[in-house]
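Report on the following structure.
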Amino acid sequence: MADSLRALDFYQIDAFATRVFEGNPAAVVLLDAWPDDATLAAIAAEHNLAETAFVRPAYGQDAAVHELRWFTPTCEVELCGHATLASAHVLLRCRDGFTPPLTFSTRRAGRLGVDMADGMLWLDFPAQPVEAAAPPAALTAALGATPSAWRVGPNHMAVFDDPATVDALRPDLDALARHAAGDNRGLIVTAPAHDADHDFVSRYFAPHHGVDEDAVTGSAHCMLAPYWAQVLGRDTLAGRQRSRRGGTVACRLAGARVHLGGHAVCYAHGRIHIPDDRFPA
């Protein structure tokens, strides 16, 4: 006898992008109930994007807070910027009945807000101050270049003096995966920008999380924005992530929070079909 299937709407959104094929693609799956965690992981692996966001929207009297979780193809993550932006875009631009500001309840990052202003979606995320540290020899060897400074927070951050150095990096991803997995941190590389439109550039590597190089990493800017705000002496900044696809993240420091602004566009919309027995009663 065939399994009874539940149809779920999903969207593929290019986040921190003004047109398709730019920015960072994320799948957004809308739920009316939570399947088991193994099914969430399997769906994310099936989509095989840097992140799949699972959103259980709230309606009626409970419409103020929407449940949100994020998975890479190999694991659940604590915080994801581009997939949160994608989730907000789906609710506000692709569905009816939702108005800004939105509040998302997450399991590990608390409540996160998303509002609209200046024609962009703005994430309200925790700022993540960094501490100076000695460059770990194994990670700098994997990078193939020696940074001018090293900072540590939820991720490692290698600071270089020239954006051309950041562009030219071709790290040993296997070595990065081996050595970064020890403390479960990703690796941000960054430098001041040498153009009129941006204040700093960055790239982000997390091969031990199933993401060799992320296209545009909103959560990394929770570290990048406070660091460059202190270095440059201003609280409003523009960061350019210099991946192959590329994307721009507007940053505004607000005390212990950082507001990250960007655009998003819908690339695809469809349905997935999941056996009903994957949803615990």
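Just so we're on the same page: first chain in the structure tokens is A, next is B, and so on; residues restart at 1 for each chain, and ligands are numbered from 1 in the order they show up.
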All helix (DSSP H, G or I) residues (DSSP, backbone) inside region 21-249 of chain A, as a PyMOL selection string: chain A and resi 37-47+60-62+81-94+137-143+163-168+173-180+207-209+221-232
Find the nearest atom pair between each residue of region 215-269 of chain A and region 119-135 of chain A for residues within 9 Å, count only C-alpha atoms, give distances in Å to one decimal, sort rows by chain and ascending number, and present the table as a tab-separated table.
```
residue	atom	partner	partner_atom	distance
A:Gly218	CA	A:Leu123	CA	8.9
A:Ser219	CA	A:Phe125	CA	8.1
A:His221	CA	A:Ala127	CA	8.4
A:Cys222	CA	A:Ala127	CA	4.9
A:Met223	CA	A:Gln128	CA	4.9
A:Leu224	CA	A:Gln128	CA	8.4
A:Ala225	CA	A:Ala127	CA	7.9
A:Pro226	CA	A:Pro129	CA	6.2
A:Tyr227	CA	A:Val130	CA	7.0
A:Ala250	CA	A:Trp122	CA	8.7
A:Leu253	CA	A:Ala127	CA	7.8
A:Ala254	CA	A:Ala127	CA	8.5
A:Gly255	CA	A:Ala127	CA	8.0
A:Ala256	CA	A:Ala127	CA	5.4
A:Arg257	CA	A:Pro126	CA	4.5
A:Val258	CA	A:Ala127	CA	5.1
A:His259	CA	A:Asp124	CA	4.8
A:Leu260	CA	A:Leu123	CA	5.0
A:Gly261	CA	A:Trp122	CA	4.3
A:Gly262	CA	A:Met120	CA	5.3
A:His263	CA	A:Met120	CA	5.4
A:Ala264	CA	A:Leu121	CA	8.2
```
Counting only C-alpha atoms, the residue of A:Arg6, A:Arg95, A:His156, A:Arg56 that sits nearest His269 (chain A): A:Arg95
Choose the residue, out of A:Ala109, A:Ala206, A:Leu102, A:Ala83, that has the smallest atom-to-atom separation from Arg185 (chain A); count only C-alpha atoms. A:Ala206
Ala64 (chain A) environment, 10 Å, only C-alpha atoms, sequence neighbours closer than 2 positions dropped, as a ChimeraX atom specification: /A:57-62,66,98-105
Could those residues be written to a file, using C-alpha atoms, as a tab-separated table (two decimals), in the first residue's frame?
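Resulting contents of out27.tsv:
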```
chain	number	residue	atom	x	y	z
A	57	PRO	CA	4.16	30.33	10.03
A	58	ALA	CA	1.78	31.51	12.71
A	59	TYR	CA	-1.71	32.71	11.88
A	60	GLY	CA	-4.54	34.46	13.67
A	61	GLN	CA	-3.91	35.48	17.27
A	62	ASP	CA	-0.45	33.85	17.21
A	66	HIS	CA	6.93	32.32	13.28
A	98	PHE	CA	1.78	38.70	6.41
A	99	THR	CA	3.00	42.24	7.06
A	100	PRO	CA	6.28	43.63	8.41
A	101	PRO	CA	7.83	43.56	10.89
A	102	LEU	CA	8.18	39.80	11.26
A	103	THR	CA	9.47	37.95	14.31
A	104	PHE	CA	11.04	34.50	14.01
A	105	SER	CA	11.49	32.19	16.99
```
Closest of A:Ala7, A:Arg242, A:Ala220, A:Gly210 to Ala168 (chain A), counting only C-alpha atoms, is A:Arg242
Choose the residue, out of A:Asn48, A:Leu143, A:Val216, A:Ala238, that has the smallest atom-to-atom separation from Ala196 (chain A); count only C-alpha atoms. A:Ala238
Just want the 6 Å neighbourhood of Leu68 (chain A), counted on only C-alpha atoms, with same-chain residues fewer than 6 positions away dropped. Output as a list in words. Phe54, Val55, Ser105 and Thr106 of chain A
So that I can see what lies close to Leu8 (chain A), please list as a ChimeraX atom specification the residues with an atom at most 9 Å from it, counting only C-alpha atoms and leaving out residues fewer than 6 positions away in the same chain. /A:29-32,270-274
Those selected residues, please, written with all heavy atoms and delivered as an mmCIF file, in the first residue's frame.
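Ended up saving to result.cif:
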```cif
data_model
loop_
_atom_site.group_PDB
_atom_site.id
_atom_site.type_symbol
_atom_site.label_atom_id
_atom_site.label_comp_id
_atom_site.auth_asym_id
_atom_site.auth_seq_id
_atom_site.Cartn_x
_atom_site.Cartn_y
_atom_site.Cartn_z
ATOM 1 N N VAL A 29 11.053 25.938 3.105
ATOM 2 C CA VAL A 29 9.966 24.966 3.148
ATOM 3 C C VAL A 29 8.968 25.427 4.206
ATOM 4 O O VAL A 29 9.340 25.666 5.367
ATOM 5 C CB VAL A 29 10.494 23.558 3.482
ATOM 6 C CG1 VAL A 29 9.339 22.558 3.545
ATOM 7 C CG2 VAL A 29 11.531 23.111 2.457
ATOM 8 N N LEU A 30 7.704 25.547 3.811
ATOM 9 C CA LEU A 30 6.648 25.982 4.727
ATOM 10 C C LEU A 30 5.962 24.756 5.329
ATOM 11 O O LEU A 30 5.572 23.829 4.613
ATOM 12 C CB LEU A 30 5.632 26.849 3.986
ATOM 13 C CG LEU A 30 6.180 28.130 3.363
ATOM 14 C CD1 LEU A 30 5.061 28.909 2.685
ATOM 15 C CD2 LEU A 30 6.880 29.002 4.404
ATOM 16 N N LEU A 31 5.831 24.766 6.652
ATOM 17 C CA LEU A 31 5.295 23.628 7.389
ATOM 18 C C LEU A 31 4.013 24.001 8.114
ATOM 19 O O LEU A 31 3.863 25.146 8.576
ATOM 20 C CB LEU A 31 6.312 23.146 8.427
ATOM 21 C CG LEU A 31 7.697 22.720 7.928
ATOM 22 C CD1 LEU A 31 8.623 22.503 9.115
ATOM 23 C CD2 LEU A 31 7.601 21.468 7.081
ATOM 24 N N ASP A 32 3.130 23.014 8.271
ATOM 25 C CA ASP A 32 1.997 23.191 9.182
ATOM 26 C C ASP A 32 2.205 22.397 10.464
ATOM 27 O O ASP A 32 1.467 22.537 11.436
ATOM 28 C CB ASP A 32 0.669 22.805 8.511
ATOM 29 C CG ASP A 32 0.679 21.386 7.948
ATOM 30 O OD1 ASP A 32 1.658 20.653 8.206
ATOM 31 O OD2 ASP A 32 -0.287 21.025 7.255
ATOM 32 N N GLY A 270 7.590 25.403 -5.789
ATOM 33 C CA GLY A 270 7.029 24.095 -6.086
ATOM 34 C C GLY A 270 6.530 23.417 -4.834
ATOM 35 O O GLY A 270 6.298 24.055 -3.800
ATOM 36 N N ARG A 271 6.344 22.101 -4.924
ATOM 37 C CA ARG A 271 5.893 21.311 -3.790
ATOM 38 C C ARG A 271 6.773 20.081 -3.631
ATOM 39 O O ARG A 271 7.245 19.507 -4.615
ATOM 40 C CB ARG A 271 4.431 20.883 -3.972
ATOM 41 C CG ARG A 271 3.454 22.021 -3.760
ATOM 42 C CD ARG A 271 2.020 21.535 -3.772
ATOM 43 N NE ARG A 271 1.124 22.587 -3.344
ATOM 44 C CZ ARG A 271 -0.186 22.439 -3.228
ATOM 45 N NH1 ARG A 271 -0.753 21.266 -3.508
ATOM 46 N NH2 ARG A 271 -0.931 23.447 -2.826
ATOM 47 N N ILE A 272 6.982 19.723 -2.373
ATOM 48 C CA ILE A 272 7.628 18.458 -2.066
ATOM 49 C C ILE A 272 6.591 17.564 -1.392
ATOM 50 O O ILE A 272 5.599 18.056 -0.843
ATOM 51 C CB ILE A 272 8.878 18.645 -1.185
ATOM 52 C CG1 ILE A 272 8.514 19.299 0.154
ATOM 53 C CG2 ILE A 272 9.909 19.496 -1.908
ATOM 54 C CD1 ILE A 272 9.706 19.425 1.092
ATOM 55 N N HIS A 273 6.819 16.259 -1.443
ATOM 56 C CA HIS A 273 5.827 15.301 -0.957
ATOM 57 C C HIS A 273 6.502 14.373 0.042
ATOM 58 O O HIS A 273 7.397 13.599 -0.316
ATOM 59 C CB HIS A 273 5.220 14.533 -2.142
ATOM 60 C CG HIS A 273 4.569 15.434 -3.140
ATOM 61 N ND1 HIS A 273 3.278 15.881 -3.038
ATOM 62 C CD2 HIS A 273 5.075 16.012 -4.264
ATOM 63 C CE1 HIS A 273 2.997 16.684 -4.054
ATOM 64 N NE2 HIS A 273 4.079 16.778 -4.806
ATOM 65 N N ILE A 274 6.058 14.458 1.295
ATOM 66 C CA ILE A 274 6.696 13.776 2.411
ATOM 67 C C ILE A 274 5.699 12.794 3.032
ATOM 68 O O ILE A 274 4.536 13.159 3.256
ATOM 69 C CB ILE A 274 7.166 14.779 3.481
ATOM 70 C CG1 ILE A 274 8.049 15.858 2.848
ATOM 71 C CG2 ILE A 274 7.912 14.064 4.604
ATOM 72 C CD1 ILE A 274 9.302 15.345 2.179
#
```
Need to verify the contact set: Ala142 (chain A), 9 Å, only C-alpha atoms, exclusion of same-chain residues closer than 4 positions in sequence. Can you return it as a VMD selection string? chain A and resid 137 to 138 170 to 176 179
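Of the listed residues (A:Ala15, A:Ala215, A:Cys251, A:Leu49), A:Cys251 comes nearest to Arg234 (chain A); the distances count only C-alpha atoms.
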Within 12 Å of Arg107 (chain A), counting only C-alpha atoms, which residues show up once you throw out same-chain ones fewer than 4 positions away? Write them as a PyMOL selection string, please. chain A and resi 54+66-70+76-79+111-112
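Between CA of Arg108 (chain A) and CA of Arg203 (chain A) there is a distance of 24.1 Å.
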From the list A:Thr74, A:Thr84, A:Thr236, A:Gln230, the nearest residue to Asp212 (chain A) using only C-alpha atoms is A:Thr74
Out of region 124-222 of chain A, which residues get strand (DSSP E) from DSSP, as a ChimeraX atom specification? /A:124-126,131-132,149-152,156-159,187-192,200-206,211-214
